[in-house]
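S.K.: Dropping in input_27.cif, with mmCIF, C-alpha atoms and all ligand atoms.
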```cif
data_run
#
loop_
_atom_site.label_atom_id
_atom_site.label_comp_id
_atom_site.auth_asym_id
_atom_site.auth_seq_id
_atom_site.Cartn_x
_atom_site.Cartn_y
_atom_site.Cartn_z
CA MET Y 1328 20.23 1.89 6.39
CA LEU Y 1329 20.89 0.05 3.10
CA ASN Y 1330 19.61 -3.49 2.89
CA GLU Y 1331 22.23 -5.50 0.95
CA GLU Y 1332 19.70 -7.89 -0.63
CA GLN Y 1333 18.95 -7.45 -4.33
CA TYR Y 1334 15.26 -8.00 -5.13
CA ASP Y 1335 13.86 -8.93 -8.52
CA CYS Y 1336 10.83 -6.74 -7.93
CA ALA Y 1337 9.84 -4.18 -5.30
CA ILE Y 1338 6.13 -3.38 -4.98
CA ILE Y 1339 4.88 -0.21 -3.33
CA GLY Y 1340 1.44 -0.82 -1.81
CA GLY Y 1341 -0.15 -3.95 -0.41
CA GLY Y 1342 -3.72 -3.70 -1.73
CA VAL Y 1343 -5.25 -6.19 -4.16
CA SER Y 1344 -3.03 -5.27 -7.10
CA GLY Y 1345 0.29 -5.27 -5.24
CA LEU Y 1346 -0.49 -8.45 -3.31
CA CYS Y 1347 -1.69 -10.37 -6.40
CA LEU Y 1348 1.42 -9.40 -8.35
CA SER Y 1349 3.73 -10.26 -5.46
CA ILE Y 1350 2.20 -13.74 -5.13
CA LEU Y 1351 2.36 -14.45 -8.88
CA LEU Y 1352 6.02 -13.44 -9.09
CA ALA Y 1353 7.05 -15.22 -5.88
CA ARG Y 1354 5.35 -18.38 -7.07
CA SER Y 1355 7.57 -18.44 -10.12
CA GLY Y 1356 10.64 -18.18 -7.91
CA ARG Y 1357 11.24 -14.41 -7.98
CA LYS Y 1358 12.59 -12.53 -5.02
CA VAL Y 1359 9.89 -10.01 -4.19
CA ILE Y 1360 9.57 -7.32 -1.54
CA LEU Y 1361 6.28 -5.49 -0.88
CA PHE Y 1362 5.92 -2.30 1.17
CA GLU Y 1363 2.64 -1.48 2.91
CA LYS Y 1364 2.39 1.64 5.05
CA ASN Y 1365 -0.35 0.15 7.28
CA SER Y 1366 -0.55 -3.07 9.33
CA TYR Y 1367 -2.93 -5.84 8.31
CA PRO Y 1368 -5.80 -6.21 8.91
CA PHE Y 1369 -7.25 -2.76 8.31
CA ASN Y 1370 -10.43 -1.28 6.88
CA LYS Y 1371 -10.50 0.38 3.48
CA VAL Y 1372 -13.08 2.49 1.70
CA CYS Y 1373 -14.55 0.10 -0.84
CA GLY Y 1374 -17.98 -1.25 -1.76
CA GLU Y 1375 -16.62 -4.80 -1.25
CA TYR Y 1376 -18.61 -6.31 -4.13
CA ILE Y 1377 -16.21 -8.40 -6.22
CA SER Y 1378 -17.17 -9.36 -9.73
CA ASN Y 1379 -16.98 -13.08 -10.52
CA GLU Y 1380 -14.55 -12.29 -13.32
CA SER Y 1381 -11.77 -12.65 -10.73
CA TYR Y 1382 -13.26 -15.51 -8.63
CA ASP Y 1383 -11.37 -18.37 -10.31
CA PHE Y 1384 -8.18 -16.33 -10.50
CA LEU Y 1385 -8.26 -15.60 -6.75
CA VAL Y 1386 -8.91 -19.29 -6.03
CA ARG Y 1387 -6.00 -20.28 -8.31
CA LEU Y 1388 -3.86 -17.79 -6.43
CA GLY Y 1389 -4.60 -19.75 -3.27
CA LEU Y 1390 -7.54 -18.01 -1.54
CA PRO Y 1391 -10.02 -20.64 -0.25
CA LEU Y 1392 -13.07 -18.57 -1.26
CA ASP Y 1393 -15.34 -21.64 -1.47
CA GLU Y 1394 -14.76 -22.33 2.23
CA TRP Y 1395 -15.73 -18.86 3.45
CA ASP Y 1396 -19.47 -19.11 2.85
CA LEU Y 1397 -19.56 -15.77 1.07
CA PRO Y 1398 -22.75 -14.13 -0.20
CA ARG Y 1399 -23.16 -14.72 -3.94
CA ILE Y 1400 -24.70 -11.69 -5.64
CA ASN Y 1401 -26.66 -11.92 -8.91
CA THR Y 1402 -29.18 -9.06 -8.87
CA LEU Y 1403 -28.71 -5.31 -9.10
CA VAL Y 1404 -31.30 -2.88 -7.75
CA VAL Y 1405 -30.90 0.81 -8.57
CA ASN Y 1406 -33.10 3.14 -6.51
CA SER Y 1407 -33.58 6.69 -7.79
CA GLN Y 1408 -33.90 9.60 -5.42
CA LYS Y 1409 -37.57 9.83 -6.39
CA GLY Y 1410 -38.21 6.29 -5.26
CA PHE Y 1411 -38.15 4.34 -8.55
CA SER Y 1412 -36.41 0.92 -8.51
CA LEU Y 1413 -34.73 -0.66 -11.50
CA ASN Y 1414 -34.03 -4.38 -11.18
CA ALA Y 1415 -31.50 -6.16 -13.34
CA LYS Y 1416 -29.83 -9.56 -13.40
CA LEU Y 1417 -26.05 -9.37 -13.23
CA PRO Y 1418 -24.99 -11.69 -16.08
CA LEU Y 1419 -21.73 -12.70 -14.42
CA GLY Y 1420 -22.56 -11.80 -10.82
CA GLY Y 1421 -20.18 -11.44 -7.96
CA PHE Y 1422 -19.58 -12.04 -4.28
CA GLY Y 1423 -19.21 -9.97 -1.13
CA LEU Y 1424 -15.98 -9.92 0.88
CA SER Y 1425 -14.61 -7.18 3.13
CA ARG Y 1426 -11.24 -5.65 2.32
CA TYR Y 1427 -10.38 -6.17 5.98
CA LEU Y 1428 -10.46 -9.93 5.38
CA LEU Y 1429 -9.39 -10.05 1.72
CA ASP Y 1430 -6.22 -7.96 2.05
CA TYR Y 1431 -5.33 -9.65 5.35
CA GLU Y 1432 -5.65 -13.17 3.91
CA MET Y 1433 -3.75 -12.15 0.79
CA SER Y 1434 -0.91 -10.76 2.88
CA HIS Y 1435 -0.64 -14.18 4.62
CA LEU Y 1436 -0.71 -15.92 1.27
CA ALA Y 1437 2.03 -13.63 0.00
CA ARG Y 1438 4.23 -14.46 2.99
CA ARG Y 1439 3.56 -18.19 2.61
CA ASN Y 1440 4.74 -17.89 -0.99
CA GLY Y 1441 7.98 -16.25 0.11
CA VAL Y 1442 7.21 -12.54 -0.45
CA CYS Y 1443 8.98 -10.26 2.01
CA VAL Y 1444 5.95 -8.25 3.22
CA MET Y 1445 7.06 -5.09 5.01
CA GLU Y 1446 4.16 -3.63 7.02
CA GLN Y 1447 4.28 -0.19 8.61
CA THR Y 1448 6.71 0.71 5.85
CA LYS Y 1449 6.03 3.84 3.89
CA VAL Y 1450 7.91 4.48 0.67
CA TYR Y 1451 8.90 8.11 0.32
CA ASN Y 1452 11.13 8.00 -2.73
CA VAL Y 1453 12.19 5.82 -5.64
CA ASP Y 1454 15.39 6.31 -7.57
CA TYR Y 1455 15.73 3.85 -10.45
CA ASN Y 1456 16.89 0.67 -8.70
CA CYS Y 1457 16.53 1.86 -5.16
CA VAL Y 1458 13.45 2.29 -2.94
CA PHE Y 1459 13.64 4.61 0.09
CA THR Y 1460 11.39 3.86 3.06
CA ASN Y 1461 11.07 4.76 6.71
CA ASN Y 1462 12.65 1.33 7.35
CA GLY Y 1463 15.70 1.79 5.13
CA ARG Y 1464 16.74 1.52 1.47
CA TYR Y 1465 16.19 -1.50 -0.74
CA ASN Y 1466 17.76 -2.50 -4.06
CA THR Y 1467 15.63 -3.91 -6.81
CA LYS Y 1468 15.80 -4.69 -10.53
CA LEU Y 1469 12.30 -3.29 -11.04
CA CYS Y 1470 9.84 -1.22 -9.06
CA VAL Y 1471 6.03 -1.30 -9.30
CA GLY Y 1472 3.80 1.49 -7.94
CA ALA Y 1473 0.63 -0.14 -6.60
CA PHE Y 1474 -0.17 2.59 -4.10
CA GLY Y 1475 -3.83 3.01 -5.04
CA LYS Y 1476 -5.52 6.37 -5.36
CA ALA Y 1477 -2.81 8.12 -3.36
CA SER Y 1478 -0.55 10.50 -5.27
CA PRO Y 1479 2.78 10.24 -3.47
CA VAL Y 1480 5.21 13.08 -4.21
CA PHE Y 1481 7.74 10.69 -5.80
CA ALA Y 1482 5.06 9.67 -8.33
CA SER Y 1483 3.45 13.02 -8.94
CA GLU Y 1484 3.56 12.78 -12.74
CA LYS Y 1485 -0.13 12.31 -13.55
CA LYS Y 1486 -2.15 12.57 -16.66
CA ASN Y 1487 -5.67 13.49 -15.76
CA THR Y 1488 -5.05 17.10 -14.75
CA ASN Y 1489 -8.22 18.12 -16.61
CA ASN Y 1490 -10.28 15.90 -14.32
CA LYS Y 1491 -12.01 18.56 -12.23
CA SER Y 1492 -14.54 16.36 -10.42
CA ASN Y 1493 -13.45 15.53 -6.96
CA PHE Y 1494 -15.28 13.07 -4.74
CA VAL Y 1495 -15.23 11.97 -1.16
CA ALA Y 1496 -16.06 8.40 -0.19
CA VAL Y 1497 -17.34 6.95 3.06
CA LYS Y 1498 -17.82 3.37 4.23
CA TYR Y 1499 -19.59 1.67 7.14
CA HIS Y 1500 -20.31 -1.93 8.05
CA ILE Y 1501 -23.90 -2.31 9.13
CA LYS Y 1502 -26.53 -4.92 9.96
CA THR Y 1503 -29.60 -4.50 7.82
CA ASP Y 1504 -32.23 -6.45 5.90
CA LEU Y 1505 -31.27 -6.82 2.24
CA PRO Y 1506 -31.37 -10.30 0.61
CA SER Y 1507 -27.85 -11.68 0.31
CA ASN Y 1508 -28.08 -12.07 -3.49
CA LYS Y 1509 -28.75 -8.36 -4.12
CA ILE Y 1510 -26.57 -5.33 -4.52
CA GLU Y 1511 -28.27 -1.96 -4.25
CA LEU Y 1512 -27.18 1.33 -5.74
CA ASN Y 1513 -29.05 4.22 -4.21
CA LEU Y 1514 -28.75 7.47 -6.13
CA PHE Y 1515 -28.71 10.90 -4.51
CA LYS Y 1516 -27.76 14.38 -5.71
CA ASN Y 1517 -24.21 14.21 -7.12
CA GLY Y 1518 -23.56 10.76 -5.73
CA TYR Y 1519 -24.63 7.20 -5.01
CA CYS Y 1520 -24.48 4.68 -2.22
CA GLY Y 1521 -23.85 0.95 -2.62
CA LEU Y 1522 -25.20 -1.65 -0.23
CA SER Y 1523 -24.46 -5.38 -0.29
CA GLN Y 1524 -23.60 -8.21 2.03
CA VAL Y 1525 -20.09 -9.33 2.94
CA GLU Y 1526 -18.90 -12.18 5.18
CA ARG Y 1527 -20.44 -12.90 8.58
CA TYR Y 1528 -23.84 -11.42 7.71
CA LYS Y 1529 -22.53 -7.86 7.75
CA PHE Y 1530 -23.36 -5.39 5.00
CA CYS Y 1531 -21.07 -2.87 3.42
CA LEU Y 1532 -22.61 0.57 2.96
CA CYS Y 1533 -20.30 2.72 0.90
CA TYR Y 1534 -21.03 6.00 -0.83
CA ILE Y 1535 -19.41 8.56 -3.06
CA ALA Y 1536 -20.44 12.21 -2.80
CA ASN Y 1537 -19.22 15.37 -4.42
CA ALA Y 1538 -16.54 17.10 -2.33
CA LYS Y 1539 -18.21 20.47 -2.79
CA ASP Y 1540 -21.43 19.15 -1.19
CA LEU Y 1541 -19.47 18.02 1.86
CA ARG Y 1542 -17.77 21.42 2.02
CA TYR Y 1543 -21.21 23.04 1.91
CA TYR Y 1544 -22.03 21.22 5.16
CA GLY Y 1545 -18.76 22.34 6.73
CA GLY Y 1546 -17.13 18.92 6.31
CA ASN Y 1547 -19.76 17.36 8.59
CA ILE Y 1548 -20.48 13.84 7.30
CA ALA Y 1549 -23.60 13.37 9.44
CA ALA Y 1550 -25.06 16.61 8.06
CA LEU Y 1551 -24.32 15.53 4.48
CA GLU Y 1552 -26.04 12.20 5.10
CA GLU Y 1553 -29.07 13.82 6.74
CA ASN Y 1554 -29.52 16.55 4.12
CA VAL Y 1555 -28.39 14.92 0.87
CA LEU Y 1556 -28.30 11.11 1.05
CA MET Y 1557 -31.44 10.69 3.10
CA LYS Y 1558 -33.51 12.54 0.50
CA ASN Y 1559 -33.51 9.14 -1.18
CA PRO Y 1560 -36.32 7.28 0.63
CA ARG Y 1561 -34.49 3.94 0.58
CA LEU Y 1562 -31.37 5.48 2.12
CA ASN Y 1563 -33.49 7.28 4.65
CA ALA Y 1564 -34.87 3.91 5.79
CA VAL Y 1565 -31.43 2.24 5.77
CA PHE Y 1566 -29.75 4.99 7.80
CA ARG Y 1567 -32.60 5.13 10.32
CA ASN Y 1568 -33.20 1.38 10.77
CA SER Y 1569 -29.77 -0.29 10.54
CA GLU Y 1570 -27.23 -1.10 13.21
CA PHE Y 1571 -23.83 0.48 12.47
CA VAL Y 1572 -21.26 -2.07 13.59
CA ASN Y 1573 -17.93 -0.29 13.21
CA GLU Y 1574 -16.91 2.60 15.42
CA GLY Y 1575 -17.17 5.29 12.80
CA PRO Y 1576 -17.00 5.73 9.06
CA VAL Y 1577 -13.82 5.05 7.10
CA THR Y 1578 -13.36 7.97 4.71
CA ILE Y 1579 -11.18 9.09 1.82
CA SER Y 1580 -11.09 12.34 -0.10
CA ASN Y 1581 -9.73 13.53 -3.42
CA VAL Y 1582 -11.15 10.57 -5.34
CA LYS Y 1583 -10.84 11.01 -9.12
CA PHE Y 1584 -11.51 8.64 -11.98
CA GLY Y 1585 -9.74 7.99 -15.26
CA GLU Y 1586 -6.46 6.77 -16.66
CA ARG Y 1587 -3.39 7.99 -14.80
CA THR Y 1588 0.27 7.29 -15.49
CA LEU Y 1589 1.12 3.78 -16.68
CA THR Y 1590 4.91 3.88 -16.63
CA ASN Y 1591 7.85 6.25 -16.30
CA ASP Y 1592 11.64 5.87 -15.91
CA LYS Y 1593 11.37 4.71 -12.33
CA LEU Y 1594 8.06 2.93 -11.95
CA ILE Y 1595 5.48 0.71 -13.58
CA TYR Y 1596 2.04 1.65 -12.25
CA LEU Y 1597 -0.56 -0.93 -11.31
CA GLY Y 1598 -4.15 -1.04 -10.05
CA ASP Y 1599 -5.74 2.29 -9.13
CA ALA Y 1600 -2.33 3.97 -9.45
CA ALA Y 1601 -2.57 3.28 -13.20
CA GLY Y 1602 -6.23 4.17 -13.57
CA CYS Y 1603 -9.37 4.31 -11.45
CA ILE Y 1604 -12.78 3.16 -12.60
CA SER Y 1605 -15.92 4.68 -11.14
CA PRO Y 1606 -17.28 2.12 -8.67
CA LEU Y 1607 -20.78 2.80 -10.02
CA THR Y 1608 -19.87 0.65 -12.99
CA GLY Y 1609 -17.01 -0.64 -11.09
CA ASN Y 1610 -15.01 -3.72 -10.57
CA GLY Y 1611 -11.84 -2.00 -9.51
CA ILE Y 1612 -10.83 -5.06 -7.48
CA SER Y 1613 -11.15 -7.42 -10.43
CA MET Y 1614 -9.40 -4.92 -12.69
CA ALA Y 1615 -6.56 -4.63 -10.17
CA ALA Y 1616 -6.26 -8.43 -10.05
CA HIS Y 1617 -6.46 -8.74 -13.84
CA ALA Y 1618 -3.84 -6.02 -14.40
CA SER Y 1619 -1.50 -7.85 -11.99
CA TYR Y 1620 -1.97 -11.02 -13.98
CA ILE Y 1621 -1.12 -9.18 -17.23
CA LEU Y 1622 1.86 -7.35 -15.74
CA SER Y 1623 3.32 -10.49 -14.13
CA GLY Y 1624 3.77 -12.01 -17.61
CA TYR Y 1625 5.68 -8.97 -18.89
CA ILE Y 1626 7.85 -8.80 -15.77
CA GLU Y 1627 8.69 -12.49 -16.17
CA SER Y 1628 9.87 -11.83 -19.74
CA PHE Y 1629 12.01 -8.93 -18.53
CA LEU Y 1630 13.56 -10.95 -15.68
CA ASN Y 1631 14.25 -13.81 -18.10
CA ASN Y 1632 16.12 -11.31 -20.31
CA GLU Y 1633 13.66 -11.89 -23.15
CA LYS Y 1634 12.64 -8.21 -23.23
CA SER Y 1635 14.30 -4.90 -22.43
CA LEU Y 1636 12.79 -2.74 -19.72
CA SER Y 1637 11.55 -0.19 -22.22
CA LYS Y 1638 9.87 -2.90 -24.32
CA THR Y 1639 8.33 -4.35 -21.15
CA ARG Y 1640 6.88 -0.95 -20.26
CA TYR Y 1641 5.61 -0.38 -23.78
CA ASP Y 1642 3.95 -3.79 -24.08
CA TYR Y 1643 2.30 -3.41 -20.68
CA GLN Y 1644 0.86 -0.01 -21.65
CA VAL Y 1645 -0.58 -1.38 -24.89
CA ALA Y 1646 -2.12 -4.39 -23.14
CA TRP Y 1647 -3.47 -2.28 -20.25
CA ARG Y 1648 -5.18 0.19 -22.58
CA ALA Y 1649 -6.64 -2.55 -24.75
CA THR Y 1650 -8.09 -4.30 -21.71
CA PHE Y 1651 -9.31 -1.46 -19.48
CA LEU Y 1652 -9.51 1.94 -21.17
CA LYS Y 1653 -12.96 1.53 -22.72
CA ARG Y 1654 -14.44 0.34 -19.43
CA ILE Y 1655 -12.99 3.31 -17.56
CA GLN Y 1656 -14.37 5.76 -20.12
CA ASN Y 1657 -17.84 4.12 -20.08
CA GLY Y 1658 -17.78 4.31 -16.30
CA LYS Y 1659 -17.02 8.04 -16.31
CA ARG Y 1660 -19.97 8.72 -18.64
CA ILE Y 1661 -22.44 6.73 -16.55
CA GLN Y 1662 -21.08 8.32 -13.35
CA LYS Y 1663 -21.87 11.80 -14.74
CA LEU Y 1664 -25.48 10.88 -15.59
CA SER Y 1665 -26.18 9.25 -12.24
CA GLY Y 1666 -25.69 12.45 -10.25
CA LEU Y 1667 -28.42 14.33 -12.13
CA THR Y 1668 -31.45 13.55 -10.01
CA GLY Y 1669 -34.31 14.16 -12.48
CA LEU Y 1670 -32.53 12.73 -15.50
CA SER Y 1671 -31.30 9.60 -13.75
CA HIS Y 1672 -34.84 8.92 -12.48
CA LEU Y 1673 -36.21 9.20 -16.00
CA LEU Y 1674 -33.41 7.11 -17.48
CA LEU Y 1675 -33.97 4.32 -14.96
CA LYS Y 1676 -37.67 4.25 -15.84
CA VAL Y 1677 -36.93 3.99 -19.56
CA LEU Y 1678 -34.14 1.46 -19.10
CA ASN Y 1679 -36.25 -0.78 -16.92
CA SER Y 1680 -38.45 -1.67 -19.88
CA PHE Y 1681 -35.54 -2.68 -22.12
CA GLU Y 1682 -34.00 -5.92 -20.85
CA GLY Y 1683 -31.48 -6.08 -23.72
CA LEU Y 1684 -30.27 -2.54 -23.16
CA LYS Y 1685 -29.90 -3.06 -19.40
CA SER Y 1686 -27.76 -6.15 -19.78
CA SER Y 1687 -25.70 -4.57 -22.57
CA ILE Y 1688 -24.85 -1.57 -20.32
CA ILE Y 1689 -23.92 -3.88 -17.47
CA SER Y 1690 -21.81 -6.11 -19.74
CA ASN Y 1691 -20.01 -3.09 -21.24
CA THR Y 1692 -18.72 -2.08 -17.83
CA HIS Y 1693 -17.64 -5.57 -16.82
CA GLY Y 1694 -14.78 -7.74 -17.99
CA HIS Y 1695 -14.40 -11.47 -18.54
CA PRO Y 1696 -12.92 -14.19 -16.32
CA PHE Y 1697 -9.16 -14.52 -16.74
C1 LIG U 1 -15.89 4.44 -2.82
C2 LIG U 1 -15.30 3.30 -3.56
C3 LIG U 1 -15.99 2.11 -3.63
C4 LIG U 1 -15.46 1.05 -4.34
N1 LIG U 1 -16.15 -0.12 -4.41
C5 LIG U 1 -15.68 -1.15 -5.11
C6 LIG U 1 -16.39 -2.37 -5.18
O1 LIG U 1 -17.45 -2.55 -4.57
N2 LIG U 1 -15.88 -3.37 -5.94
C7 LIG U 1 -14.72 -3.23 -6.63
O2 LIG U 1 -14.33 -4.17 -7.34
N3 LIG U 1 -13.99 -2.09 -6.55
C8 LIG U 1 -14.44 -1.06 -5.81
N4 LIG U 1 -13.71 0.10 -5.71
C9 LIG U 1 -12.39 0.16 -6.36
C10 LIG U 1 -11.35 -0.64 -5.58
O3 LIG U 1 -11.39 -0.30 -4.22
C11 LIG U 1 -9.96 -0.35 -6.13
O4 LIG U 1 -9.99 -0.41 -7.52
C12 LIG U 1 -8.93 -1.35 -5.61
O5 LIG U 1 -8.83 -1.24 -4.22
C13 LIG U 1 -7.58 -1.05 -6.24
O6 LIG U 1 -6.59 -1.82 -5.62
P1 LIG U 1 -5.11 -1.29 -5.53
O7 LIG U 1 -4.29 -2.41 -5.04
O8 LIG U 1 -4.72 -0.63 -6.79
O9 LIG U 1 -5.16 -0.11 -4.46
P2 LIG U 1 -5.50 -0.14 -2.85
O10 LIG U 1 -6.36 -1.30 -2.57
O11 LIG U 1 -5.95 1.21 -2.58
O12 LIG U 1 -4.08 -0.44 -2.23
C14 LIG U 1 -3.04 0.51 -2.22
C15 LIG U 1 -2.19 0.26 -0.98
O13 LIG U 1 -1.01 1.06 -1.04
C16 LIG U 1 -0.69 1.51 0.26
N5 LIG U 1 0.17 2.68 0.09
C17 LIG U 1 -0.16 3.88 -0.45
N6 LIG U 1 0.92 4.69 -0.49
C18 LIG U 1 1.95 3.98 0.03
C19 LIG U 1 3.33 4.29 0.26
N7 LIG U 1 3.86 5.47 -0.07
N8 LIG U 1 4.10 3.35 0.82
C20 LIG U 1 3.57 2.11 1.16
N9 LIG U 1 2.28 1.78 0.97
C21 LIG U 1 1.49 2.70 0.40
C22 LIG U 1 -2.05 1.78 0.87
O14 LIG U 1 -2.01 1.78 2.28
C23 LIG U 1 -2.90 0.66 0.29
O15 LIG U 1 -2.99 -0.46 1.15
C24 LIG U 1 -14.21 1.18 -5.00
C25 LIG U 1 -13.50 2.39 -4.91
C26 LIG U 1 -14.04 3.44 -4.21
C27 LIG U 1 -13.29 4.73 -4.13
#
```
Can the structure in the file be given as structure tokens, please?
M.R.:
Amino acid sequence: MLNEEQYDCAIIGGGVSGLCLSILLARSGRKVILFEKNSYPFNKVCGEYISNESYDFLVRLGLPLDEWDLPRINTLVVNSQKGFSLNAKLPLGGFGLSRYLLDYEMSHLARRNGVCVMEQTKVYNVDYNCVFTNNGRYNTKLCVGAFGKASPVFASEKKNTNNKSNFVAVKYHIKTDLPSNKIELNLFKNGYCGLSQVERYKFCLCYIANAKDLRYYGGNIAALEENVLMKNPRLNAVFRNSEFVNEGPVTISNVKFGERTLTNDKLIYLGDAAGCISPLTGNGISMAAHASYILSGYIESFLNNEKSLSKTRYDYQVAWRATFLKRIQNGKRIQKLSGLTGLSHLLLKVLNSFEGLKSSIISNTHGHPF
């Protein structure tokens, strides 16, 4: 079925990046359609720590964050597998908010701003000015791929084919006993597990492990946790003494980090679809929001006929790389070191005595408010 409407912009994927962009464009009077294959609200694998670099932006967008009594996080604790703890102040800090609530509230905000939000709508092809979904075809002047880490067949052109590391990620909501101002990173062999508070006194426990370690345990997540994660004494205590409040873990596989494709003839890529940062150094949510902010300006110029499409794509690529590439590369390096049990233990011990070095590493992996 062909929908006769002509949209200014079609956005594939209703996560942070797609929703932010849709709201920005709709607020300046553009006709925007957004396709999300799931129905809100739904759980997502994510550590749910959001750097303050995007706090003001999200409030300006219309999210009443100040009213939600969210945990404000200003201290990082990194626990090595051998039981050493590094403590560091987070210069900018952040807050905890579940993706269940964040994406849900943003989808409402998008609708209130006039975005046509199509839930339960999976895009299966894009052909220049036409988007094909399980709910029909839609015409658009421009199409943005904000489909996250997924690699849909219609967007299979990717850059990081030499990226051999492959991770699995698992998330739970739990009740436990960590102060609300702290975020913990607990290291284990070939992976790490974040723990921090979100809304309503729940905690998000989210870890990344090497896919080959999960395969070694026959794909059994409980066995991986028992035999690999719980070798870290802090994780052992958390897994044994916490109440797990959701029915089971939310999981994703095939997680890779690095720059991906930024644009091609049919799509402009946004958020994790353009490039994923390791959550260890992470702020993927803030990066997704920031990239939407940058892209919205270029799309506006294109829709105002101030720039051709090819110039729009080019300028976006230049701005994206200048803003994010260094952070992504730093993140990949630190991610590699963290998985080496003995070395990471030693490095934490050394780092702990150098306040300046600690805060410089943290600052190098974070951005600035926008
Ligand atoms: C284990 C882990 C922990 C993380 N922890 C943090 C953290 O604590 N803090 C932080 O800032 N960042 C974190 N991140 C990164 C963060 O989750 C991402 O950077 C962020 O979600 C990117 O947003 P996005 O909009 O690009 O993608 P997503 O939020 O993944 O949204 C993409 C959307 O597209 C939809 N979709 C996909 N394909 C289609 C299709 N064909 N048709 C229609 N819809 C489609 C999906 O259903 C999804 O809703 C973490 C990442 C991982 C893997």
S.K.: Hey, which residues come within 7 Å of ligand LIG 1 (chain U) if we count all atoms listed in the file? Could you give them as a ChimeraX atom specification?
M.R.: /Y:1339-1345,1362-1365,1372-1378,1448-1451,1473-1477,1479,1496-1497,1533-1535,1582,1597-1600,1603-1604,1606,1609-1615
S.K.: Could you list as JSON, numbers by chain every residue that has an atom within 12 Å of (0.8, -16.5, 1.2), using the file's coordinates and counting all atoms listed in the file?
M.R.: {"Y": [1346, 1347, 1348, 1349, 1350, 1351, 1352, 1353, 1354, 1388, 1389, 1390, 1391, 1430, 1431, 1432, 1433, 1434, 1435, 1436, 1437, 1438, 1439, 1440, 1441, 1442, 1443, 1444]}
S.K.: When distances are computed from all atoms listed in the file, which of Y:Leu1505, Y:Leu1636, Y:Ala1538, Y:Cys1531 shows the smallest separation from Ala1564 in chain Y?
M.R.: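 The shortest atom-to-atom distance to Ala1564 in chain Y comes from Y:Leu1505.
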S.K.: Quick check, in Å to one decimal: how far apart do CA of Asn1547 in chain Y and CA of Asn1573 in chain Y lie?
M.R.: 18.3 Å
S.K.: Which residue gives the smallest distance to Leu1403 in chain Y among Y:Gly1421, Y:Gly1585, Y:Gly1602, Y:Gly1575, with only C-alpha atoms counted?
M.R.: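 Closest to Leu1403 in chain Y of all the choices is Y:Gly1421.
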S.K.: Might you pull out every residue within 12 Å of Leu1541 in chain Y, with all atoms listed in the file counted and same-chain residues fewer than 6 positions away left off, and present them as a list in words?
M.R.: Asn1493, Phe1494, Val1495, Ala1496, Val1497, Lys1516, Asn1517, Gly1518, Ile1535, Asn1547, Ile1548, Ala1549, Ala1550, Leu1551, Glu1552, Glu1553, Asn1554, Val1555, Leu1556, Ser1580 and Asn1581 of chain Y
S.K.: Just how far from CA of Asn1461 in chain Y is CA of Phe1369 in chain Y, in Å to one decimal?
M.R.: 19.9 Å
S.K.: Go ahead and compute the interatomic distance for CA of Val1405 in chain Y and CA of Ser1671 in chain Y, in Å to one decimal.
M.R.: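 Taking CA of Val1405 in chain Y as the start and CA of Ser1671 in chain Y as the end point, the length is 10.2 Å.
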S.K.: Counting all atoms listed in the file, give me one row per residue of range 1363-1391 of chain Y with an atom at most 8 Å from an atom of range 1687-1697 of chain Y, showing the shortest contact pair and its distance in Å to one decimal, sorted by chain then residue number, as a tab-separated table.
M.R.:
```
residue	atom	partner	partner_atom	distance
Y:Asn1379	CA	Y:Pro1696	CA	7.2
Y:Glu1380	CA	Y:Pro1696	CA	3.9
Y:Ser1381	CA	Y:Pro1696	CA	5.9
Y:Tyr1382	CA	Y:Pro1696	CA	7.8
Y:Asp1383	CA	Y:Pro1696	CA	7.5
Y:Phe1384	CA	Y:Phe1697	CA	6.6
```
S.K.: What are the centre and edge lengths in Å, to one decimal, of the axis-aligned box around all listed atoms of range 1558-1566 of chain Y with 6 Å added on each side, as lines of an AutoDock Vina configuration file?
M.R.:
```
center_x = -33.0
center_y = 7.4
center_z = 3.3
size_x = 18.6
size_y = 22.3
size_z = 21.0
```
S.K.: Give me the residues near Gln1408 in chain Y as a list in words, where near means some atom within 10 Å (using all atoms listed in the file) and where sequence neighbours in that chain fewer than 4 positions away do not count.
M.R.: Ser1412, Asn1513, Leu1514, Phe1515, Lys1516, Tyr1519, Val1555, Leu1556, Met1557, Lys1558, Asn1559, Pro1560, Arg1561, Leu1562, Gly1666, Leu1667, Thr1668, Gly1669, Ser1671 and His1672 of chain Y
S.K.: Using all atoms listed in the file and a cutoff of 10 Å, can you tell me which residues are near (14.5, 7.8, -13.1) in the file's coordinates, and write them out as a list in words?
M.R.: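 Applying the cut-off with all atoms listed in the file, one gets Val1453, Asp1454, Tyr1455, Asn1456, Asn1591, Asp1592, Lys1593 and Leu1594 of chain Y.
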S.K.: When distances are computed from only C-alpha atoms, which of Y:Ser1628, Y:Phe1681, Y:Trp1647, Y:Lys1676 shows the smallest separation from Leu1413 in chain Y?
M.R.: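 The answer is Y:Lys1676, which sits nearest to Leu1413 in chain Y.
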S.K.: Set the distance at 8 Å and use all atoms listed in the file: which residues neighbour Lys1509 in chain Y once local chain neighbours fewer than 2 positions away are removed? I'd like the list as a compact mmCIF listing (two decimals) with C-alpha atoms, in the coordinates of the input.
M.R.:
```txt
# COMPACT_ATOMS: atom_id res chain seq x y z
CA ILE Y 1400 -24.70 -11.69 -5.64
CA ASN Y 1401 -26.66 -11.92 -8.91
CA THR Y 1402 -29.18 -9.06 -8.87
CA LEU Y 1403 -28.71 -5.31 -9.10
CA VAL Y 1404 -31.30 -2.88 -7.75
CA LEU Y 1505 -31.27 -6.82 2.24
CA PRO Y 1506 -31.37 -10.30 0.61
CA SER Y 1507 -27.85 -11.68 0.31
CA GLU Y 1511 -28.27 -1.96 -4.25
CA SER Y 1523 -24.46 -5.38 -0.29
```
